[in-house]
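Here's final_17.cif, which has mmCIF, C-alpha atoms:
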data_data
loop_
_atom_site.label_atom_id
_atom_site.label_comp_id
_atom_site.auth_asym_id
_atom_site.auth_seq_id
_atom_site.Cartn_x
_atom_site.Cartn_y
_atom_site.Cartn_z
CA ASP Y 281 -11.49 4.34 9.41
CA ALA Y 282 -13.98 2.21 7.52
CA LYS Y 283 -12.95 -1.44 7.20
CA THR Y 284 -13.10 -4.01 4.45
CA THR Y 285 -13.56 -7.78 4.60
CA GLN Y 286 -11.98 -10.11 2.06
CA PRO Y 287 -11.53 -13.89 1.84
CA ASN Y 288 -8.08 -14.97 2.97
CA SER Y 289 -7.33 -16.89 -0.21
CA MET Y 290 -8.71 -17.85 -3.61
CA GLU Y 291 -7.58 -20.12 -6.40
CA SER Y 292 -7.94 -19.94 -10.16
CA ASN Y 293 -6.72 -21.70 -13.24
CA GLU Y 294 -4.79 -19.83 -15.87
CA GLU Y 295 -6.87 -18.04 -18.52
CA GLU Y 296 -10.04 -18.28 -16.44
CA PRO Y 297 -11.85 -15.20 -15.06
CA VAL Y 298 -11.37 -14.40 -11.38
CA HIS Y 299 -13.86 -12.53 -9.20
CA LEU Y 300 -12.36 -11.19 -5.96
CA PRO Y 301 -15.05 -10.01 -3.52
CA CYS Y 302 -14.84 -7.28 -0.90
CA ASN Y 303 -17.37 -6.23 1.71
CA HIS Y 304 -17.35 -2.69 3.08
CA SER Y 305 -20.67 -2.23 4.84
CA THR Y 306 -19.52 0.89 6.77
CA ILE Y 307 -18.45 2.81 3.68
CA SER Y 308 -19.22 6.52 3.71
CA GLY Y 309 -20.40 8.59 0.78
CA THR Y 310 -16.95 10.08 0.13
CA ASP Y 311 -14.90 6.87 0.40
CA TYR Y 312 -13.30 5.73 -2.83
CA ILE Y 313 -12.85 1.97 -3.31
CA HIS Y 314 -9.25 1.20 -4.26
CA TRP Y 315 -7.60 -2.08 -5.17
CA TYR Y 316 -3.89 -2.69 -4.93
CA ARG Y 317 -1.97 -5.92 -5.38
CA GLN Y 318 1.36 -7.04 -4.02
CA LEU Y 319 3.45 -9.54 -5.92
CA PRO Y 320 6.01 -11.57 -3.97
CA SER Y 321 8.99 -9.52 -2.82
CA GLN Y 322 7.60 -6.28 -4.26
CA GLY Y 323 5.82 -3.20 -2.99
CA PRO Y 324 2.06 -2.87 -3.59
CA GLU Y 325 0.90 -1.90 -7.07
CA TYR Y 326 -2.20 0.11 -7.93
CA VAL Y 327 -4.84 -1.85 -9.82
CA ILE Y 328 -8.03 0.20 -10.07
CA HIS Y 329 -10.36 2.49 -8.13
CA GLY Y 330 -13.94 3.74 -8.27
CA LEU Y 331 -16.60 5.64 -6.38
CA THR Y 332 -20.05 4.58 -7.59
CA SER Y 333 -19.91 3.41 -11.20
CA ASN Y 334 -18.25 0.29 -12.54
CA VAL Y 335 -14.75 0.94 -13.87
CA ASN Y 336 -12.55 -0.75 -16.45
CA ASN Y 337 -8.85 -0.39 -17.19
CA ARG Y 338 -6.17 -2.43 -18.89
CA MET Y 339 -5.56 -4.53 -15.78
CA ALA Y 340 -9.02 -5.28 -14.44
CA SER Y 341 -12.65 -4.29 -13.96
CA LEU Y 342 -14.28 -3.07 -10.76
CA ALA Y 343 -17.95 -3.82 -10.16
CA ILE Y 344 -19.52 -1.77 -7.36
CA ALA Y 345 -22.83 -2.75 -5.78
CA GLU Y 346 -25.64 -0.23 -6.03
CA ASP Y 347 -25.62 0.33 -2.24
CA ARG Y 348 -21.78 0.49 -2.33
CA LYS Y 349 -21.52 -1.97 0.55
CA SER Y 350 -19.59 -4.45 -1.56
CA SER Y 351 -17.46 -4.57 -4.66
CA THR Y 352 -15.77 -7.15 -6.88
CA LEU Y 353 -12.46 -6.98 -8.67
CA ILE Y 354 -12.60 -8.90 -11.92
CA LEU Y 355 -9.53 -10.26 -13.68
CA HIS Y 356 -10.87 -11.31 -17.05
CA ARG Y 357 -8.21 -13.90 -17.86
CA ALA Y 358 -5.90 -14.85 -15.04
CA THR Y 359 -2.24 -15.40 -15.81
CA LEU Y 360 0.50 -16.84 -13.63
CA ARG Y 361 1.79 -13.29 -13.18
CA ASP Y 362 -1.49 -12.34 -11.47
CA ALA Y 363 -0.63 -14.50 -8.46
CA ALA Y 364 -0.43 -11.95 -5.66
CA VAL Y 365 -2.13 -10.60 -2.55
CA TYR Y 366 -5.00 -8.33 -3.54
CA TYR Y 367 -6.04 -5.55 -1.15
CA CYS Y 368 -9.40 -3.81 -1.18
CA ILE Y 369 -9.09 -0.40 0.49
CA LEU Y 370 -11.50 2.38 1.35
CA ARG Y 371 -9.51 5.50 0.73
CA THR Y 372 -10.15 8.92 2.16
CA ASP Y 373 -6.82 10.75 2.31
CA LYS Y 374 -4.68 7.76 3.25
CA LEU Y 375 -4.61 4.06 2.46
CA ILE Y 376 -5.65 1.65 5.22
CA PHE Y 377 -4.73 -1.88 4.18
CA GLY Y 378 -6.35 -5.04 5.54
CA THR Y 379 -4.87 -8.51 5.20
CA GLY Y 380 -6.03 -8.97 1.61
CA THR Y 381 -6.81 -12.05 -0.51
CA ARG Y 382 -3.98 -14.29 -1.61
CA LEU Y 383 -4.70 -15.39 -5.19
CA GLN Y 384 -3.11 -18.56 -6.46
CA VAL Y 385 -3.15 -19.22 -10.21
CA PHE Y 386 -2.54 -22.72 -11.49
CA PRO Y 387 -1.30 -23.57 -14.99
CA ASP X 115 11.95 7.49 -14.85
CA ALA X 116 13.40 5.43 -11.98
CA GLY X 117 10.15 5.31 -10.07
CA VAL X 118 10.24 5.29 -6.27
CA THR X 119 13.61 4.27 -4.89
CA GLN X 120 14.48 3.30 -1.33
CA SER X 121 17.75 2.74 0.48
CA PRO X 122 19.15 0.63 1.88
CA THR X 123 17.60 -2.59 0.61
CA HIS X 124 18.33 -4.52 3.79
CA LEU X 125 19.46 -3.44 7.24
CA ILE X 126 20.31 -5.25 10.45
CA LYS X 127 20.30 -3.40 13.78
CA THR X 128 20.26 -4.33 17.46
CA ARG X 129 17.73 -3.37 20.09
CA GLY X 130 18.04 0.20 21.32
CA GLN X 131 19.80 1.48 18.21
CA GLN X 132 18.49 4.12 15.85
CA VAL X 133 17.90 3.75 12.12
CA THR X 134 17.31 6.09 9.17
CA LEU X 135 15.64 4.91 5.98
CA ARG X 136 15.56 6.96 2.80
CA CYS X 137 13.11 7.39 -0.04
CA SER X 138 13.24 9.24 -3.36
CA PRO X 139 9.80 9.78 -4.89
CA LYS X 140 8.79 9.29 -8.49
CA SER X 141 9.62 12.29 -10.66
CA GLY X 142 6.94 14.97 -10.38
CA HIS X 143 5.50 13.66 -7.12
CA ASP X 144 5.35 15.90 -4.05
CA THR X 145 3.79 13.65 -1.40
CA VAL X 146 5.52 10.78 0.39
CA SER X 147 3.85 8.21 2.64
CA TRP X 148 5.55 5.58 4.78
CA TYR X 149 4.19 2.14 5.68
CA GLN X 150 5.34 -0.70 7.90
CA GLN X 151 4.61 -4.25 6.76
CA ALA X 152 5.15 -7.08 9.22
CA LEU X 153 5.52 -10.58 7.85
CA GLY X 154 2.18 -11.95 6.65
CA GLN X 155 0.33 -8.69 7.27
CA GLY X 156 -0.85 -5.83 5.10
CA PRO X 157 1.05 -2.54 5.13
CA GLN X 158 0.25 -0.25 8.06
CA PHE X 159 0.25 3.53 7.48
CA ILE X 160 2.89 5.37 9.51
CA PHE X 161 2.70 8.97 8.24
CA GLN X 162 2.55 11.16 5.18
CA TYR X 163 4.64 14.20 4.25
CA TYR X 164 3.65 17.07 2.00
CA GLU X 165 5.41 20.42 1.59
CA GLU X 166 8.00 19.30 4.14
CA GLU X 167 5.41 18.83 6.88
CA GLU X 168 3.76 15.77 8.41
CA ARG X 169 0.20 15.88 7.13
CA GLN X 170 -1.26 12.61 8.41
CA ARG X 171 -0.12 10.11 11.02
CA GLY X 172 -1.14 6.57 11.79
CA ASN X 173 -1.11 4.81 15.15
CA PHE X 174 2.66 4.73 15.68
CA PRO X 175 4.64 5.97 18.69
CA ASP X 176 6.82 9.07 18.68
CA ARG X 177 9.88 6.85 18.22
CA PHE X 178 8.89 6.98 14.57
CA SER X 179 9.66 10.33 13.00
CA GLY X 180 10.28 11.61 9.54
CA HIS X 181 11.41 14.42 7.39
CA GLN X 182 10.80 15.65 3.86
CA PHE X 183 13.40 17.70 2.02
CA PRO X 184 12.86 20.52 -0.49
CA ASN X 185 13.50 18.06 -3.35
CA TYR X 186 10.58 15.96 -1.98
CA SER X 187 12.78 13.07 -0.86
CA SER X 188 12.07 11.76 2.60
CA GLU X 189 13.60 9.99 5.57
CA LEU X 190 12.04 7.73 8.17
CA ASN X 191 13.79 7.63 11.53
CA VAL X 192 13.13 5.05 14.22
CA ASN X 193 14.70 5.49 17.68
CA ALA X 194 15.18 2.95 20.47
CA LEU X 195 14.57 0.00 18.18
CA LEU X 196 12.51 -2.92 19.47
CA LEU X 197 12.42 -6.48 18.18
CA GLY X 198 8.87 -5.76 16.99
CA ASP X 199 10.12 -3.06 14.65
CA SER X 200 11.47 -5.78 12.37
CA ALA X 201 9.48 -5.39 9.16
CA LEU X 202 9.48 -4.26 5.56
CA TYR X 203 9.28 -0.46 5.40
CA LEU X 204 7.59 0.83 2.29
CA CYS X 205 7.63 4.31 0.84
CA ALA X 206 4.93 5.49 -1.55
CA SER X 207 4.80 8.70 -3.54
CA SER X 208 1.95 10.58 -5.16
CA PHE X 209 1.08 13.99 -6.53
CA GLY X 210 -1.24 16.16 -4.49
CA THR X 211 -4.38 14.32 -3.43
CA PRO X 212 -3.78 11.14 -5.32
CA ASP X 213 -5.85 8.61 -7.13
CA GLU X 214 -2.85 6.36 -7.13
CA GLN X 215 0.20 5.85 -4.95
CA PHE X 216 3.40 4.43 -6.36
CA PHE X 217 5.31 2.17 -3.99
CA GLY X 218 9.01 1.50 -3.76
CA PRO X 219 10.46 -1.98 -3.24
CA GLY X 220 10.90 -1.40 0.48
CA THR X 221 13.68 -1.66 3.05
CA ARG X 222 13.83 -4.88 5.04
CA LEU X 223 14.79 -4.01 8.64
CA THR X 224 15.82 -6.76 11.03
CA VAL X 225 16.25 -5.94 14.71
CA LEU X 226 18.24 -8.45 16.75
#
For the structure just supplied, provide its representation as structure tokens.
Amino acid sequence: DAKTTQPNSMESNEEEPVHLPCNHSTISGTDYIHWYRQLPSQGPEYVIHGLTSNVNNRMASLAIAEDRKSSTLILHRATLRDAAVYYCILRTDKLIFGTGTRLQVFP
Amino acid sequence: DAGVTQSPTHLIKTRGQQVTLRCSPKSGHDTVSWYQQALGQGPQFIFQYYEEEERQRGNFPDRFSGHQFPNYSSELNVNALLLGDSALYLCASSFGTPDEQFFGPGTRLTVL
């Protein structure tokens, strides 16, 4: 299973943009890039996914490098409710989670 | 729609005992996956059930087994419990080959 590398933690101030990086140098052509987040005391929650093109939804944007070896999850305006562990996952037919990035948001 | 539900919420067992955890998928979903999440770690894939059969399995011993019922609900069974089995057990449901999995709140298992 292809692996991802993320920083252990990041910090942001409320209402500022947040860019969460992910490296996946061993990605294969059929691997989708998925992002999930896990708020304290909850199960993981789907955020966004993509294959080659950048993607936008109501929660976030996903920017995928042209060679697909890295991607960035963008939260356009962080809120206190966005404080969570964010997981970048290369999905084939199952989800393989790493240790994720713990995002702290300060008021 | 109640989403994915799991029972019980918390459970305490002793070493060597057996445990059964239950999961009801989101309405309309036919695939159930189980994950184990140790404290401070990301969820680890245990197995996935579709059409009442185990379709995928992660790197877990045979002490971990499961079942899916005709109504798509699922059970996770763990035999001969070890202290290291203490974790949050998460169930996720999806429809077919999913773009998105919906997770339940988990069952917190403590083995003493």
Could you list, as a PyMOL selection string, every residue of chain X that has an atom within 10 Å of an atom of chain Y, counting only C-alpha atoms? chain X and resi 147+149+151+154-159+161-162+169-172+202-206+211-220
Report, in Å with one decimal, the straight-line distance from CA of Asn334 (chain Y) to CA of Leu360 (chain Y). 25.4 Å
Kindly provide, as lines of an AutoDock Vina configuration file, the centre and edge lengths (Å, one decimal) of an axis-aligned box around all atoms of region 344-352 of chain Y given in the file, with 6 Å on each side.
center_x = -20.7
center_y = -3.3
center_z = -3.4
size_x = 21.9
size_y = 19.6
size_z = 19.9
Could you check how far CA of Ile126 (chain X) sits from CA of Ser200 (chain X), in Å to one decimal?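 Computing the Euclidean distance for CA of Ile126 (chain X) and CA of Ser200 (chain X) yields 9.1 Å.
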CA of Glu189 (chain X) to CA of Ala201 (chain X) measures 16.3 Å
Written as a PyMOL selection string, which residues does the PyMOL selection byres ((chain Y and resi 286) around 10) give for the file shown? chain Y and resi 284-285+287-289+300-304+366-368+378-382
Take the PyMOL selection byres ((chain Y and resi 311) around 9), apply it to the structure above, and return the hits as a PDB file with C-alpha atoms, in the frame of the given file.
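Written file, expr02.pdb:
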ATOM      1  CA  ALA Y 282     -13.980   2.210   7.520  1.00  0.00           C
ATOM      2  CA  ILE Y 307     -18.450   2.810   3.680  1.00  0.00           C
ATOM      3  CA  SER Y 308     -19.220   6.520   3.710  1.00  0.00           C
ATOM      4  CA  GLY Y 309     -20.400   8.590   0.780  1.00  0.00           C
ATOM      5  CA  THR Y 310     -16.950  10.080   0.130  1.00  0.00           C
ATOM      6  CA  TYR Y 312     -13.300   5.730  -2.830  1.00  0.00           C
ATOM      7  CA  ILE Y 313     -12.850   1.970  -3.310  1.00  0.00           C
ATOM      8  CA  LEU Y 331     -16.600   5.640  -6.380  1.00  0.00           C
ATOM      9  CA  LEU Y 370     -11.500   2.380   1.350  1.00  0.00           C
ATOM     10  CA  ARG Y 371      -9.510   5.500   0.730  1.00  0.00           C
ATOM     11  CA  THR Y 372     -10.150   8.920   2.160  1.00  0.00           C
TER      12      THR Y 372
END
So, counting all atoms listed in the file, which residue among Y:Phe386, Y:Ala363, Y:Asn336, Y:Ser305 is closest to Ser351 (chain Y)? Y:Ser305
So that I can see what lies close to Ser138 (chain X), please list as a JSON list (two decimals) with C-alpha atoms, keeping the file's coordinate frame the residues with an atom at most 6 Å from it, counting all atoms listed in the file and leaving out residues fewer than 3 positions away in the same chain.
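Contents of the output file around-v3.json:
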[["chain", "number", "residue", "atom", "x", "y", "z"],
["X", 118, "VAL", "CA", 10.24, 5.29, -6.27],
["X", 119, "THR", "CA", 13.61, 4.27, -4.89],
["X", 187, "SER", "CA", 12.78, 13.07, -0.86]]
Would you fill out region 120-135 of chain X with N, CA, C and O atoms and return it as a PDB file, keeping the file's coordinate frame?
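Result file rebuild-v1.pdb:
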ATOM      1  N   GLN X 120      14.274   3.328  -2.761  1.00  0.00           N
ATOM      2  CA  GLN X 120      14.480   3.300  -1.330  1.00  0.00           C
ATOM      3  C   GLN X 120      15.868   2.736  -1.028  1.00  0.00           C
ATOM      4  O   GLN X 120      16.375   1.877  -1.732  1.00  0.00           O
ATOM      5  N   SER X 121      16.457   3.265   0.047  1.00  0.00           N
ATOM      6  CA  SER X 121      17.750   2.740   0.480  1.00  0.00           C
ATOM      7  C   SER X 121      17.838   2.747   2.002  1.00  0.00           C
ATOM      8  O   SER X 121      17.207   3.588   2.657  1.00  0.00           O
ATOM      9  N   PRO X 122      18.556   1.785   2.558  1.00  0.00           N
ATOM     10  CA  PRO X 122      19.150   0.630   1.880  1.00  0.00           C
ATOM     11  C   PRO X 122      18.097  -0.427   1.577  1.00  0.00           C
ATOM     12  O   PRO X 122      16.940  -0.267   1.949  1.00  0.00           O
ATOM     13  N   THR X 123      18.516  -1.501   0.923  1.00  0.00           N
ATOM     14  CA  THR X 123      17.600  -2.590   0.610  1.00  0.00           C
ATOM     15  C   THR X 123      17.339  -3.442   1.852  1.00  0.00           C
ATOM     16  O   THR X 123      16.202  -3.843   2.120  1.00  0.00           O
ATOM     17  N   HIS X 124      18.414  -3.737   2.557  1.00  0.00           N
ATOM     18  CA  HIS X 124      18.330  -4.520   3.790  1.00  0.00           C
ATOM     19  C   HIS X 124      19.159  -3.836   4.861  1.00  0.00           C
ATOM     20  O   HIS X 124      20.153  -3.154   4.559  1.00  0.00           O
ATOM     21  N   LEU X 125      18.776  -4.076   6.119  1.00  0.00           N
ATOM     22  CA  LEU X 125      19.460  -3.440   7.240  1.00  0.00           C
ATOM     23  C   LEU X 125      19.294  -4.316   8.470  1.00  0.00           C
ATOM     24  O   LEU X 125      18.186  -4.809   8.737  1.00  0.00           O
ATOM     25  N   ILE X 126      20.374  -4.510   9.196  1.00  0.00           N
ATOM     26  CA  ILE X 126      20.310  -5.250  10.450  1.00  0.00           C
ATOM     27  C   ILE X 126      20.790  -4.352  11.577  1.00  0.00           C
ATOM     28  O   ILE X 126      21.870  -3.762  11.496  1.00  0.00           O
ATOM     29  N   LYS X 127      19.974  -4.225  12.625  1.00  0.00           N
ATOM     30  CA  LYS X 127      20.300  -3.400  13.780  1.00  0.00           C
ATOM     31  C   LYS X 127      20.057  -4.217  15.048  1.00  0.00           C
ATOM     32  O   LYS X 127      19.436  -5.284  15.023  1.00  0.00           O
ATOM     33  N   THR X 128      20.531  -3.692  16.172  1.00  0.00           N
ATOM     34  CA  THR X 128      20.260  -4.330  17.460  1.00  0.00           C
ATOM     35  C   THR X 128      19.309  -3.463  18.271  1.00  0.00           C
ATOM     36  O   THR X 128      19.163  -2.257  18.001  1.00  0.00           O
ATOM     37  N   ARG X 129      18.677  -4.088  19.236  1.00  0.00           N
ATOM     38  CA  ARG X 129      17.730  -3.370  20.090  1.00  0.00           C
ATOM     39  C   ARG X 129      18.351  -2.118  20.700  1.00  0.00           C
ATOM     40  O   ARG X 129      19.503  -2.140  21.131  1.00  0.00           O
ATOM     41  N   GLY X 130      17.575  -1.042  20.728  1.00  0.00           N
ATOM     42  CA  GLY X 130      18.040   0.200  21.320  1.00  0.00           C
ATOM     43  C   GLY X 130      18.725   1.139  20.338  1.00  0.00           C
ATOM     44  O   GLY X 130      18.858   2.333  20.617  1.00  0.00           O
ATOM     45  N   GLN X 131      19.150   0.612  19.193  1.00  0.00           N
ATOM     46  CA  GLN X 131      19.800   1.480  18.210  1.00  0.00           C
ATOM     47  C   GLN X 131      18.783   2.341  17.480  1.00  0.00           C
ATOM     48  O   GLN X 131      17.565   2.219  17.643  1.00  0.00           O
ATOM     49  N   GLN X 132      19.307   3.228  16.665  1.00  0.00           N
ATOM     50  CA  GLN X 132      18.490   4.120  15.850  1.00  0.00           C
ATOM     51  C   GLN X 132      18.741   3.817  14.381  1.00  0.00           C
ATOM     52  O   GLN X 132      19.833   3.361  14.013  1.00  0.00           O
ATOM     53  N   VAL X 133      17.741   4.047  13.542  1.00  0.00           N
ATOM     54  CA  VAL X 133      17.900   3.750  12.120  1.00  0.00           C
ATOM     55  C   VAL X 133      17.264   4.870  11.293  1.00  0.00           C
ATOM     56  O   VAL X 133      16.282   5.510  11.719  1.00  0.00           O
ATOM     57  N   THR X 134      17.861   5.122  10.131  1.00  0.00           N
ATOM     58  CA  THR X 134      17.310   6.090   9.170  1.00  0.00           C
ATOM     59  C   THR X 134      17.148   5.413   7.822  1.00  0.00           C
ATOM     60  O   THR X 134      18.105   4.832   7.297  1.00  0.00           O
ATOM     61  N   LEU X 135      15.944   5.466   7.289  1.00  0.00           N
ATOM     62  CA  LEU X 135      15.640   4.910   5.980  1.00  0.00           C
ATOM     63  C   LEU X 135      15.342   6.062   5.030  1.00  0.00           C
ATOM     64  O   LEU X 135      14.776   7.080   5.440  1.00  0.00           O
TER      65      LEU X 135
END
